[in-house]
file run_36.cif (mmCIF, C-alpha atoms)
data_target
#
loop_
_atom_site.label_atom_id
_atom_site.label_comp_id
_atom_site.auth_asym_id
_atom_site.auth_seq_id
_atom_site.Cartn_x
_atom_site.Cartn_y
_atom_site.Cartn_z
CA MET B 1 20.20 2.83 27.25
CA LYS B 2 23.90 2.90 28.20
CA LYS B 3 25.05 4.50 24.96
CA ASN B 4 22.62 7.38 25.04
CA ASN B 5 22.87 8.16 28.73
CA LYS B 6 23.20 11.83 29.52
CA LYS B 7 26.52 11.19 31.24
CA THR B 8 28.07 10.52 27.84
CA ILE B 9 26.74 13.71 26.26
CA ASN B 10 28.33 14.25 22.87
CA LYS B 11 28.84 16.95 20.27
CA LYS B 12 25.55 16.32 18.51
CA SER B 13 22.80 18.84 19.14
CA LEU B 14 20.29 18.07 21.86
CA THR B 15 17.59 17.47 19.25
CA GLU B 16 19.72 14.87 17.49
CA GLN B 17 20.52 13.10 20.73
CA ILE B 18 16.90 12.98 21.88
CA TYR B 19 15.93 11.88 18.36
CA SER B 20 18.36 8.92 18.49
CA ILE B 21 17.25 7.88 21.97
CA LEU B 22 13.55 7.95 21.14
CA LYS B 23 14.01 6.23 17.80
CA GLU B 24 15.92 3.40 19.45
CA GLN B 25 13.23 3.06 22.12
CA ILE B 26 10.47 2.84 19.51
CA LEU B 27 12.36 0.36 17.31
CA ASN B 28 13.17 -1.76 20.38
CA LYS B 29 9.51 -1.48 21.44
CA GLU B 30 10.46 0.01 24.81
CA ILE B 31 7.83 2.50 23.66
CA GLU B 32 4.94 0.45 22.31
CA PHE B 33 2.65 0.92 19.31
CA GLY B 34 0.09 3.60 20.07
CA GLU B 35 1.69 4.63 23.36
CA LYS B 36 1.48 8.31 24.24
CA ILE B 37 4.89 9.96 24.48
CA ASN B 38 5.21 12.21 27.51
CA THR B 39 7.34 15.14 26.33
CA ARG B 40 7.58 16.72 29.78
CA LYS B 41 8.86 13.49 31.33
CA ILE B 42 11.51 13.08 28.63
CA ALA B 43 12.62 16.71 28.99
CA ASP B 44 12.96 16.23 32.75
CA LYS B 45 14.78 12.91 32.43
CA TYR B 46 17.47 14.29 30.10
CA GLU B 47 17.49 17.75 31.67
CA VAL B 48 16.65 19.60 28.48
CA SER B 49 13.90 22.05 27.53
CA LEU B 50 10.76 20.92 25.71
CA MET B 51 11.99 22.33 22.40
CA PRO B 52 14.56 19.66 21.43
CA VAL B 53 12.11 16.95 22.55
CA ARG B 54 9.36 18.34 20.31
CA ASP B 55 11.80 18.84 17.43
CA ALA B 56 12.96 15.24 17.73
CA LEU B 57 9.35 14.01 17.80
CA ARG B 58 8.48 16.10 14.76
CA ARG B 59 11.36 14.48 12.88
CA LEU B 60 10.17 11.03 13.91
CA ALA B 61 6.64 11.98 12.85
CA ASN B 62 8.08 13.02 9.51
CA GLU B 63 9.72 9.60 9.20
CA GLY B 64 6.42 7.93 9.96
CA ILE B 65 7.11 6.11 13.21
CA VAL B 66 5.53 8.76 15.45
CA GLU B 67 2.09 10.28 15.06
CA LYS B 68 1.26 13.85 16.02
CA ARG B 69 -2.34 14.39 17.01
CA PRO B 70 -3.16 18.11 17.09
CA ARG B 71 -3.94 19.42 20.56
CA VAL B 72 -3.37 15.94 22.04
CA GLY B 73 0.31 15.14 21.64
CA PHE B 74 2.74 12.64 20.17
CA PHE B 75 2.18 8.87 20.01
CA ALA B 76 4.27 5.94 18.81
CA LYS B 77 2.66 5.09 15.49
CA ASP B 78 -0.01 2.38 15.68
CA PHE B 79 0.02 0.77 12.24
CA SER B 80 -3.30 -0.29 10.76
CA LYS B 81 -3.67 -3.60 8.91
CA LYS B 82 -3.86 -1.66 5.65
CA GLU B 83 -0.61 0.16 6.43
CA ILE B 84 1.21 -3.05 7.34
CA LYS B 85 -0.01 -4.58 4.08
CA GLU B 86 1.24 -1.57 2.12
CA ILE B 87 4.66 -1.64 3.76
CA LYS B 88 5.01 -5.37 3.10
CA GLU B 89 4.06 -4.85 -0.53
CA LEU B 90 6.79 -2.24 -0.82
CA ARG B 91 9.35 -4.72 0.46
CA ARG B 92 8.08 -7.38 -1.94
CA MET B 93 8.44 -4.92 -4.83
CA TYR B 94 12.14 -4.48 -4.05
CA GLU B 95 12.86 -8.17 -3.71
CA LEU B 96 10.93 -9.22 -6.80
CA TYR B 97 12.63 -6.50 -8.84
CA CYS B 98 16.09 -7.63 -7.72
CA LEU B 99 15.28 -11.30 -8.25
CA GLY B 100 13.94 -10.55 -11.73
CA ASN B 101 16.80 -8.31 -12.81
CA TYR B 102 19.85 -9.48 -10.88
CA PHE B 103 19.22 -13.16 -10.25
CA GLN B 104 22.57 -14.22 -11.71
CA ASN B 105 24.34 -11.67 -9.55
CA ILE B 106 23.28 -13.07 -6.17
CA ASP B 107 26.27 -14.12 -4.08
CA LYS B 108 25.78 -17.90 -4.09
CA GLU B 109 28.65 -18.64 -1.77
CA LYS B 110 27.06 -16.42 0.84
CA VAL B 111 23.63 -17.92 0.25
CA ALA B 112 25.02 -21.45 0.61
CA LYS B 113 26.52 -20.48 3.97
CA LEU B 114 23.20 -19.02 5.08
CA ARG B 115 21.56 -22.35 4.23
CA GLU B 116 23.72 -24.09 6.86
CA GLU B 117 22.90 -21.40 9.39
CA PHE B 118 19.18 -21.72 8.67
CA VAL B 119 19.21 -25.48 9.15
CA LYS B 120 20.62 -25.22 12.65
CA SER B 121 18.89 -21.95 13.68
CA ASP B 122 16.53 -21.63 16.61
CA GLN B 123 13.76 -19.04 16.74
CA LYS B 124 15.93 -16.48 18.47
CA TYR B 125 18.68 -16.48 15.85
CA PHE B 126 16.37 -16.97 12.89
CA ASP B 127 15.54 -13.27 12.53
CA LYS B 128 19.13 -12.26 11.80
CA ILE B 129 19.70 -14.94 9.16
CA ASP B 130 16.34 -14.11 7.61
CA ILE B 131 17.37 -10.47 7.13
CA LYS B 132 20.76 -11.55 5.73
CA LEU B 133 19.14 -13.73 3.08
CA HIS B 134 16.75 -11.02 1.92
CA LYS B 135 19.61 -8.51 1.87
CA ALA B 136 21.70 -10.86 -0.28
CA ILE B 137 18.93 -10.72 -2.87
CA VAL B 138 18.70 -6.94 -2.82
CA ASN B 139 22.49 -6.44 -2.70
CA ALA B 140 22.72 -8.25 -6.03
CA SER B 141 21.43 -5.04 -7.66
CA GLU B 142 24.64 -3.20 -6.65
CA ASN B 143 22.44 -0.09 -6.64
CA ASN B 144 23.40 1.82 -3.50
CA TYR B 145 20.30 4.01 -3.49
CA LEU B 146 18.06 1.00 -3.87
CA ILE B 147 19.91 -0.95 -1.17
CA LYS B 148 19.88 1.98 1.25
CA ARG B 149 16.18 2.56 0.85
CA TYR B 150 15.40 -1.13 1.18
CA ASN B 151 17.47 -1.37 4.37
CA HIS B 152 15.73 1.71 5.77
CA LEU B 153 12.36 0.12 5.09
CA VAL B 154 13.33 -3.12 6.82
CA LYS B 155 14.97 -1.45 9.81
CA ASN B 156 12.32 1.21 10.43
CA PHE B 157 9.15 -0.59 9.47
CA ILE B 158 9.33 -4.29 8.61
CA SER B 159 11.27 -5.14 11.79
CA LEU B 160 8.38 -3.68 13.81
CA PHE B 161 6.01 -6.31 12.43
CA SER B 162 8.35 -9.29 12.55
CA PHE B 163 6.17 -10.99 15.17
CA THR B 164 3.68 -11.81 12.41
CA THR B 165 6.16 -14.19 10.85
CA TYR B 166 7.15 -15.85 14.07
CA LYS B 167 3.79 -17.44 14.63
CA ARG B 168 4.89 -20.06 12.15
CA PHE B 169 8.58 -20.38 12.77
CA GLU B 170 9.11 -23.92 11.41
CA ASP B 171 7.13 -23.20 8.24
CA SER B 172 9.07 -20.03 7.69
CA LYS B 173 12.36 -21.86 8.13
CA LYS B 174 11.31 -24.41 5.51
CA GLU B 175 10.29 -21.66 3.08
CA HIS B 176 13.65 -19.94 3.47
CA ILE B 177 15.56 -23.11 2.76
CA GLN B 178 13.38 -23.65 -0.33
CA LEU B 179 14.16 -20.10 -1.43
CA ILE B 180 17.89 -20.72 -1.01
CA ASP B 181 17.68 -23.95 -2.97
CA ALA B 182 15.83 -22.19 -5.78
CA ILE B 183 18.61 -19.56 -5.90
CA LEU B 184 21.36 -22.21 -5.85
CA ASP B 185 19.51 -24.18 -8.57
CA ASP B 186 19.18 -21.08 -10.78
CA ASN B 187 15.41 -21.48 -10.67
CA LEU B 188 14.17 -17.89 -10.92
CA LYS B 189 10.55 -18.85 -11.42
CA LYS B 190 10.48 -20.85 -8.21
CA ALA B 191 12.36 -18.18 -6.25
CA LYS B 192 9.78 -15.59 -7.30
CA GLU B 193 6.92 -17.89 -6.33
CA ILE B 194 8.37 -18.43 -2.88
CA ILE B 195 8.94 -14.70 -2.34
CA LEU B 196 5.37 -13.97 -3.46
CA LYS B 197 4.03 -16.60 -1.06
CA HIS B 198 6.43 -15.80 1.77
CA LEU B 199 6.06 -12.00 1.62
CA GLY B 200 2.50 -12.10 0.30
CA MET Z 1 12.51 33.46 -0.89
CA LYS Z 2 9.44 35.46 0.18
CA LYS Z 3 7.88 32.66 2.19
CA ASN Z 4 11.00 31.88 4.21
CA ASN Z 5 12.11 35.44 4.88
CA LYS Z 6 13.13 36.08 8.45
CA LYS Z 7 10.43 38.77 8.76
CA THR Z 8 7.83 35.99 8.73
CA ILE Z 9 9.54 33.95 11.44
CA ASN Z 10 7.24 31.21 12.61
CA LYS Z 11 6.79 28.74 15.45
CA LYS Z 12 9.07 26.10 13.96
CA SER Z 13 12.50 25.72 15.52
CA LEU Z 14 15.38 27.62 13.97
CA THR Z 15 16.87 24.37 12.67
CA GLU Z 16 13.65 23.46 10.89
CA GLN Z 17 13.37 26.89 9.33
CA ILE Z 18 16.96 26.92 8.08
CA TYR Z 19 16.46 23.34 6.87
CA SER Z 20 13.42 24.36 4.77
CA ILE Z 21 15.16 27.42 3.32
CA LEU Z 22 18.31 25.51 2.31
CA LYS Z 23 16.37 22.56 0.93
CA GLU Z 24 14.29 24.87 -1.26
CA GLN Z 25 17.42 26.63 -2.49
CA ILE Z 26 19.08 23.34 -3.42
CA LEU Z 27 15.97 21.94 -5.15
CA ASN Z 28 15.53 25.23 -7.04
CA LYS Z 29 19.24 25.17 -7.91
CA GLU Z 30 19.84 28.55 -6.31
CA ILE Z 31 22.61 26.54 -4.69
CA GLU Z 32 24.22 24.51 -7.45
CA PHE Z 33 25.56 20.94 -7.57
CA GLY Z 34 28.90 20.77 -5.80
CA GLU Z 35 28.71 24.33 -4.46
CA LYS Z 36 30.27 24.88 -1.05
CA ILE Z 37 27.72 26.04 1.53
CA ASN Z 38 28.99 28.90 3.65
CA THR Z 39 27.59 28.25 7.12
CA ARG Z 40 28.86 31.53 8.58
CA LYS Z 41 27.21 33.56 5.82
CA ILE Z 42 23.88 31.79 6.32
CA ALA Z 43 24.04 32.25 10.09
CA ASP Z 44 24.73 35.97 9.60
CA LYS Z 45 21.99 36.40 6.99
CA TYR Z 46 19.28 34.87 9.19
CA GLU Z 47 20.76 36.19 12.43
CA VAL Z 48 21.10 32.80 14.08
CA SER Z 49 24.02 30.92 15.62
CA LEU Z 50 26.01 28.33 13.69
CA MET Z 51 24.32 25.45 15.51
CA PRO Z 52 20.92 25.43 13.77
CA VAL Z 53 22.67 25.93 10.42
CA ARG Z 54 24.91 22.93 11.01
CA ASP Z 55 21.99 20.86 12.31
CA ALA Z 56 19.97 21.68 9.22
CA LEU Z 57 22.89 20.74 6.97
CA ARG Z 58 23.39 17.47 8.81
CA ARG Z 59 19.72 16.63 8.20
CA LEU Z 60 20.11 17.44 4.51
CA ALA Z 61 23.27 15.33 4.41
CA ASN Z 62 21.27 12.51 5.95
CA GLU Z 63 18.68 12.88 3.19
CA GLY Z 64 21.42 12.73 0.58
CA ILE Z 65 21.23 16.15 -1.07
CA VAL Z 66 24.11 17.67 0.91
CA GLU Z 67 27.57 16.20 1.37
CA LYS Z 68 29.66 16.65 4.49
CA ARG Z 69 33.39 16.52 3.91
CA PRO Z 70 35.23 16.14 7.21
CA ARG Z 71 37.34 19.16 8.08
CA VAL Z 72 36.26 20.94 4.86
CA GLY Z 73 32.57 21.65 5.23
CA PHE Z 74 29.20 21.15 3.60
CA PHE Z 75 28.55 21.04 -0.14
CA ALA Z 76 25.44 20.68 -2.28
CA LYS Z 77 25.65 17.08 -3.46
CA ASP Z 78 27.30 16.62 -6.84
CA PHE Z 79 25.80 13.43 -8.23
CA SER Z 80 28.06 11.10 -10.19
CA LYS Z 81 26.86 9.42 -13.40
CA LYS Z 82 26.63 6.14 -11.48
CA GLU Z 83 24.45 7.73 -8.79
CA ILE Z 84 22.13 9.32 -11.35
CA LYS Z 85 21.81 5.95 -13.06
CA GLU Z 86 20.98 4.27 -9.74
CA ILE Z 87 18.35 6.84 -8.85
CA LYS Z 88 16.74 6.53 -12.27
CA GLU Z 89 16.67 2.77 -11.94
CA LEU Z 90 14.87 3.12 -8.63
CA ARG Z 91 12.20 5.26 -10.27
CA ARG Z 92 11.86 2.75 -13.10
CA MET Z 93 11.39 -0.05 -10.55
CA TYR Z 94 8.38 1.75 -9.04
CA GLU Z 95 6.75 2.51 -12.37
CA LEU Z 96 7.28 -0.96 -13.84
CA TYR Z 97 5.92 -2.55 -10.68
CA CYS Z 98 2.79 -0.39 -10.76
CA LEU Z 99 2.27 -0.94 -14.48
CA GLY Z 100 2.68 -4.69 -14.05
CA ASN Z 101 0.42 -5.01 -11.02
CA TYR Z 102 -2.12 -2.19 -11.29
CA PHE Z 103 -2.43 -1.56 -15.02
CA GLN Z 104 -6.22 -1.91 -14.98
CA ASN Z 105 -6.44 0.51 -12.09
CA ILE Z 106 -4.88 3.52 -13.85
CA ASP Z 107 -7.30 6.46 -14.03
CA LYS Z 108 -7.97 6.51 -17.78
CA GLU Z 109 -10.12 9.62 -17.70
CA LYS Z 110 -7.22 11.50 -16.16
CA VAL Z 111 -4.73 10.02 -18.60
CA ALA Z 112 -6.93 10.99 -21.57
CA LYS Z 113 -7.01 14.57 -20.30
CA LEU Z 114 -3.22 14.56 -19.93
CA ARG Z 115 -2.97 13.49 -23.59
CA GLU Z 116 -4.67 16.70 -24.67
CA GLU Z 117 -2.36 18.72 -22.44
CA PHE Z 118 0.71 16.96 -23.85
CA VAL Z 119 -0.30 17.64 -27.44
CA LYS Z 120 -0.47 21.38 -26.90
CA SER Z 121 2.38 21.66 -24.34
CA ASP Z 122 5.50 23.75 -24.84
CA GLN Z 123 8.82 22.90 -23.20
CA LYS Z 124 8.11 25.03 -20.16
CA TYR Z 125 4.84 23.36 -19.26
CA PHE Z 126 5.92 19.87 -20.31
CA ASP Z 127 7.64 19.09 -17.00
CA LYS Z 128 4.46 19.38 -14.94
CA ILE Z 129 2.37 17.20 -17.23
CA ASP Z 130 5.20 14.67 -17.39
CA ILE Z 131 5.20 14.30 -13.61
CA LYS Z 132 1.38 14.04 -13.56
CA LEU Z 133 1.44 11.15 -16.03
CA HIS Z 134 4.04 9.18 -14.12
CA LYS Z 135 2.18 9.84 -10.86
CA ALA Z 136 -1.04 8.54 -12.42
CA ILE Z 137 0.74 5.24 -13.03
CA VAL Z 138 2.07 5.01 -9.47
CA ASN Z 139 -1.18 6.21 -7.87
CA ALA Z 140 -2.92 3.20 -9.43
CA SER Z 141 -1.29 1.08 -6.69
CA GLU Z 142 -3.35 2.89 -4.02
CA ASN Z 143 -0.45 2.07 -1.70
CA ASN Z 144 0.18 5.24 0.31
CA TYR Z 145 3.64 4.21 1.45
CA LEU Z 146 4.68 3.35 -2.06
CA ILE Z 147 3.23 6.59 -3.47
CA LYS Z 148 4.83 8.73 -0.77
CA ARG Z 149 8.27 7.21 -1.33
CA TYR Z 150 7.99 7.52 -5.08
CA ASN Z 151 6.98 11.19 -4.78
CA HIS Z 152 9.88 11.84 -2.42
CA LEU Z 153 12.27 10.27 -4.91
CA VAL Z 154 10.96 12.40 -7.78
CA LYS Z 155 10.85 15.63 -5.80
CA ASN Z 156 14.21 15.30 -4.08
CA PHE Z 157 16.27 13.56 -6.72
CA ILE Z 158 14.77 13.00 -10.16
CA SER Z 159 13.71 16.66 -10.49
CA LEU Z 160 17.36 17.65 -10.04
CA PHE Z 161 18.34 15.78 -13.21
CA SER Z 162 15.36 16.77 -15.36
CA PHE Z 163 17.63 18.68 -17.74
CA THR Z 164 18.83 15.36 -19.17
CA THR Z 165 15.40 14.70 -20.64
CA TYR Z 166 14.96 18.15 -22.05
CA LYS Z 167 17.71 17.78 -24.58
CA ARG Z 168 15.20 15.92 -26.67
CA PHE Z 169 11.93 17.64 -25.91
CA GLU Z 170 10.01 16.72 -29.06
CA ASP Z 171 11.07 13.06 -28.86
CA SER Z 172 10.07 12.91 -25.22
CA LYS Z 173 6.67 14.43 -26.01
CA LYS Z 174 6.10 11.77 -28.66
CA GLU Z 175 7.11 8.99 -26.25
CA HIS Z 176 4.69 10.25 -23.62
CA ILE Z 177 1.80 10.34 -26.07
CA GLN Z 178 2.69 6.77 -27.11
CA LEU Z 179 2.69 5.73 -23.45
CA ILE Z 180 -0.73 7.30 -22.94
CA ASP Z 181 -2.08 5.55 -26.02
CA ALA Z 182 -0.73 2.22 -24.79
CA ILE Z 183 -2.52 2.77 -21.46
CA LEU Z 184 -5.78 3.78 -23.16
CA ASP Z 185 -5.51 0.78 -25.50
CA ASP Z 186 -4.94 -1.62 -22.57
CA ASN Z 187 -1.60 -2.61 -24.07
CA LEU Z 188 0.53 -3.42 -21.01
CA LYS Z 189 3.39 -4.91 -22.99
CA LYS Z 190 3.82 -1.75 -25.04
CA ALA Z 191 3.47 0.51 -21.98
CA LYS Z 192 6.26 -1.40 -20.25
CA GLU Z 193 8.49 -1.19 -23.34
CA ILE Z 194 8.03 2.57 -23.53
CA ILE Z 195 8.78 3.03 -19.83
CA LEU Z 196 11.90 0.90 -20.17
CA LYS Z 197 13.07 2.93 -23.15
CA HIS Z 198 11.98 6.29 -21.76
CA LEU Z 199 13.37 5.83 -18.25
CA GLY Z 200 16.21 3.56 -19.40
#
call {"tool": "encode", "arguments": {"input": "run_36.cif", "output": "structure tokens"}}
result
Amino acid sequence: MKKNNKKTINKKSLTEQIYSILKEQILNKEIEFGEKINTRKIADKYEVSLMPVRDALRRLANEGIVEKRPRVGFFAKDFSKKEIKEIKELRRMYELYCLGNYFQNIDKEKVAKLREEFVKSDQKYFDKIDIKLHKAIVNASENNYLIKRYNHLVKNFISLFSFTTYKRFEDSKKEHIQLIDAILDDNLKKAKEIILKHLG
Amino acid sequence: MKKNNKKTINKKSLTEQIYSILKEQILNKEIEFGEKINTRKIADKYEVSLMPVRDALRRLANEGIVEKRPRVGFFAKDFSKKEIKEIKELRRMYELYCLGNYFQNIDKEKVAKLREEFVKSDQKYFDKIDIKLHKAIVNASENNYLIKRYNHLVKNFISLFSFTTYKRFEDSKKEHIQLIDAILDDNLKKAKEIILKHLG
């Protein structure tokens, strides 16, 4: 919370500052899925009126990580199984599209380096390498709009569900190394199969 | 501008109101591509301070339809050819994915009705039917996140470039009827070919 402390107040509007603080807290799970957000407490803590707090929460509701229940208040979004499935499908769509259309364009040098990192990774570091590998696939499109939207999806949604993967850390590690080998072997068919299984 | 007139001021914050007004003006092309946005003039017109105007513009910049040039000001985004190409590719990705994975799920009754509307459409009405057809393809996924993001892309970006299609209205009409016939004939291969050509 150091960065967003009120002592370091900046030129951004109050709404924007409260928005950044709350977003970070939700993405870091300091505020948990389904937790009620106490607007009065936040306003008191940062010594602002209720208006910028509500504005910030409305923006977060608009982005889909906060839920506004009329006459009840704001809650950190509690994703249903169906919603998680939908979001994962969306991610899969991006990756399959980029594999299918830009397979030759994937940065193999980078992917080969990631292979080494995967081999020696522990569970804590795994997450970061995982994201790097999937990004390398999507970056191959060189489509900035596509890349930006994919990154937004991963940062704001997929990262919230990452615990689902971690149940099977060793399996996941093996799958990722297989995916890398398929890319390095120019085996598009196999790469697609692994993505379908891995992100299925 | 009737709806957003200051006489009908509502409970939303000033920033949100200015945001809605400016967004509508950009999407309607009342503010044109590349046009400088005069923050002082807007603040005077709606009798607000500069802060909510700047906040609204920062939000629009964040969404990608306004550009902030440091020490110069805010401009309605002027899309480069590369950017337009990237955005169109993104749309194509959605539609090809939905065709490929949910072809059997497309609402054929709806599509058959759209065929009749296409046949008798003039250039003015064409746009609306066009969007309905493409939405019917994407709606077949029944993935709310996917549908919402696709709609956002079409509303906020694709609609800004619609003039490019209209150069060849009669050709486009023919292509759409061919696409509908491919869907009604269960011919996925042909439907994909037409989408690739039409959104290429």
call {"tool": "atom_distance", "arguments": {"input": "run_36.cif", "atom1": "CA of Asp130 (chain Z)", "atom2": "CA of Leu96 (chain B)"}}
result
26.8 Å
call {"tool": "closest_atom_pairs", "arguments": {"input": "run_36.cif", "of": "chain Z", "to": "chain B", "cutoff": "7 Å", "atoms": "only C-alpha atoms", "output": "JSON lines"}}
result
{"residue": "Z:Glu86", "atom": "CA", "partner": "B:Asn143", "partner_atom": "CA", "distance": 5.5}
{"residue": "Z:Ile87", "atom": "CA", "partner": "B:Tyr145", "partner_atom": "CA", "distance": 6.4}
{"residue": "Z:Leu90", "atom": "CA", "partner": "B:Leu146", "partner_atom": "CA", "distance": 6.1}
{"residue": "Z:Met93", "atom": "CA", "partner": "B:Tyr97", "partner_atom": "CA", "distance": 6.8}
{"residue": "Z:Tyr97", "atom": "CA", "partner": "B:Met93", "partner_atom": "CA", "distance": 6.8}
{"residue": "Z:Asn143", "atom": "CA", "partner": "B:Glu86", "partner_atom": "CA", "distance": 5.5}
{"residue": "Z:Tyr145", "atom": "CA", "partner": "B:Glu86", "partner_atom": "CA", "distance": 6.3}
{"residue": "Z:Leu146", "atom": "CA", "partner": "B:Leu90", "partner_atom": "CA", "distance": 6.1}
call {"tool": "closest_residue", "arguments": {"input": "run_36.cif", "among": "B:Glu170, B:Asp127, B:Glu30, B:Asp185", "to": "Lys108 (chain B)", "atoms": "all atoms listed in the file"}}
result
B:Asp185
call {"tool": "resolve_selection", "arguments": {"input": "run_36.cif", "expression": "the PyMOL selection byres ((chain B and resi 140) around 8)", "output": "PyMOL selection string"}}
result
chain B and resi 98+102-103+105-107+136-139+141-142
call {"tool": "write_last_selection", "arguments": {"input": "run_36.cif", "atoms": "C-alpha atoms", "output": "mmCIF file, in the coordinates of the input"}}
result
data_model
loop_
_atom_site.group_PDB
_atom_site.id
_atom_site.type_symbol
_atom_site.label_atom_id
_atom_site.label_comp_id
_atom_site.auth_asym_id
_atom_site.auth_seq_id
_atom_site.Cartn_x
_atom_site.Cartn_y
_atom_site.Cartn_z
ATOM 1 C CA CYS B 98 16.090 -7.630 -7.720
ATOM 2 C CA TYR B 102 19.850 -9.480 -10.880
ATOM 3 C CA PHE B 103 19.220 -13.160 -10.250
ATOM 4 C CA ASN B 105 24.340 -11.670 -9.550
ATOM 5 C CA ILE B 106 23.280 -13.070 -6.170
ATOM 6 C CA ASP B 107 26.270 -14.120 -4.080
ATOM 7 C CA ALA B 136 21.700 -10.860 -0.280
ATOM 8 C CA ILE B 137 18.930 -10.720 -2.870
ATOM 9 C CA VAL B 138 18.700 -6.940 -2.820
ATOM 10 C CA ASN B 139 22.490 -6.440 -2.700
ATOM 11 C CA SER B 141 21.430 -5.040 -7.660
ATOM 12 C CA GLU B 142 24.640 -3.200 -6.650
#
call {"tool": "resolve_selection", "arguments": {"input": "run_36.cif", "expression": "the PyMOL selection byres ((chain B and resi 78) around 8)", "output": "PyMOL selection string"}}
result
chain B and resi 33-34+76-77+79-80
call {"tool": "closest_residue", "arguments": {"input": "run_36.cif", "among": "Z:Glu117, Z:Glu63, Z:Leu188, Z:Leu199", "to": "His152 (chain Z)", "atoms": "only C-alpha atoms"}}
result
Z:Glu63
call {"tool": "residues_near_point", "arguments": {"input": "run_36.cif", "point": "(12.8, 22.1, -0.5)", "cutoff": "12 Å", "atoms": "all atoms listed in the file", "output": "list in words"}}
result
Met1, Lys3, Asn4, Glu16, Gln17, Ile18, Tyr19, Ser20, Ile21, Leu22, Lys23, Glu24, Gln25, Ile26, Leu27, Asn28, Lys29, Glu30, Ile31, Leu60, Glu63, Ile65, His152, Lys155, Asn156, Phe157, Ser159 and Leu160 of chain Z
call {"tool": "write_last_selection", "arguments": {"input": "run_36.cif", "atoms": "C-alpha atoms", "output": "CSV table (one decimal), in the coordinates of the input"}}
result
chain,number,residue,atom,x,y,z
Z,1,MET,CA,12.5,33.5,-0.9
Z,3,LYS,CA,7.9,32.7,2.2
Z,4,ASN,CA,11.0,31.9,4.2
Z,16,GLU,CA,13.6,23.5,10.9
Z,17,GLN,CA,13.4,26.9,9.3
Z,18,ILE,CA,17.0,26.9,8.1
Z,19,TYR,CA,16.5,23.3,6.9
Z,20,SER,CA,13.4,24.4,4.8
Z,21,ILE,CA,15.2,27.4,3.3
Z,22,LEU,CA,18.3,25.5,2.3
Z,23,LYS,CA,16.4,22.6,0.9
Z,24,GLU,CA,14.3,24.9,-1.3
Z,25,GLN,CA,17.4,26.6,-2.5
Z,26,ILE,CA,19.1,23.3,-3.4
Z,27,LEU,CA,16.0,21.9,-5.2
Z,28,ASN,CA,15.5,25.2,-7.0
Z,29,LYS,CA,19.2,25.2,-7.9
Z,30,GLU,CA,19.8,28.6,-6.3
Z,31,ILE,CA,22.6,26.5,-4.7
Z,60,LEU,CA,20.1,17.4,4.5
Z,63,GLU,CA,18.7,12.9,3.2
Z,65,ILE,CA,21.2,16.2,-1.1
Z,152,HIS,CA,9.9,11.8,-2.4
Z,155,LYS,CA,10.8,15.6,-5.8
Z,156,ASN,CA,14.2,15.3,-4.1
Z,157,PHE,CA,16.3,13.6,-6.7
Z,159,SER,CA,13.7,16.7,-10.5
Z,160,LEU,CA,17.4,17.6,-10.0
call {"tool": "resolve_selection", "arguments": {"input": "run_36.cif", "expression": "the PyMOL selection byres ((chain Z and resi 39) around 10)", "output": "PyMOL selection string"}}
result
chain Z and resi 36-38+40-45+49-54+57+73-74
call {"tool": "axis_aligned_box", "arguments": {"input": "run_36.cif", "around": "region 50-54 of chain B", "padding_each_side": "6 Å", "output": "AutoDock Vina command-line options"}}
result
--center_x 12.0 --center_y 19.6 --center_z 23.0 --size_x 17.2 --size_y 17.4 --size_z 17.4
call {"tool": "atom_distance", "arguments": {"input": "run_36.cif", "atom1": "CA of Ser121 (chain B)", "atom2": "CA of Leu184 (chain B)"}}
result
19.7 Å
call {"tool": "atom_distance", "arguments": {"input": "run_36.cif", "atom1": "CA of Lys124 (chain B)", "atom2": "CA of Ile195 (chain B)"}}
result
22.0 Å
call {"tool": "residues_around", "arguments": {"input": "run_36.cif", "residues": "Ala182 (chain Z)", "least_positions_apart": "4", "cutoff": "12 Å", "atoms": "all atoms listed in the file", "output": "PyMOL selection string"}}
result
chain Z and resi 99+103-104+106+108+111-112+115+175-178+186-195
call {"tool": "closest_residue", "arguments": {"input": "run_36.cif", "among": "Z:Leu153, Z:Val72, Z:Ala56, Z:Leu179", "to": "Arg92 (chain Z)", "atoms": "all atoms listed in the file"}}
result
Z:Leu153
call {"tool": "residues_around", "arguments": {"input": "run_36.cif", "residues": "Leu114 (chain B)", "least_positions_apart": "4", "cutoff": "9 Å", "atoms": "all atoms listed in the file", "output": "number ranges by chain"}}
result
B: 109-110, 118-119, 129-130, 132-133, 177, 180
call {"tool": "write_last_selection", "arguments": {"input": "run_36.cif", "atoms": "C-alpha atoms", "output": "short mmCIF file (atom, residue, chain, number, x, y, z; two decimals), in the coordinates of the input"}}
result
data_model
loop_
_atom_site.label_atom_id
_atom_site.label_comp_id
_atom_site.auth_asym_id
_atom_site.auth_seq_id
_atom_site.Cartn_x
_atom_site.Cartn_y
_atom_site.Cartn_z
CA GLU B 109 28.65 -18.64 -1.77
CA LYS B 110 27.06 -16.42 0.84
CA PHE B 118 19.18 -21.72 8.67
CA VAL B 119 19.21 -25.48 9.15
CA ILE B 129 19.70 -14.94 9.16
CA ASP B 130 16.34 -14.11 7.61
CA LYS B 132 20.76 -11.55 5.73
CA LEU B 133 19.14 -13.73 3.08
CA ILE B 177 15.56 -23.11 2.76
CA ILE B 180 17.89 -20.72 -1.01
#
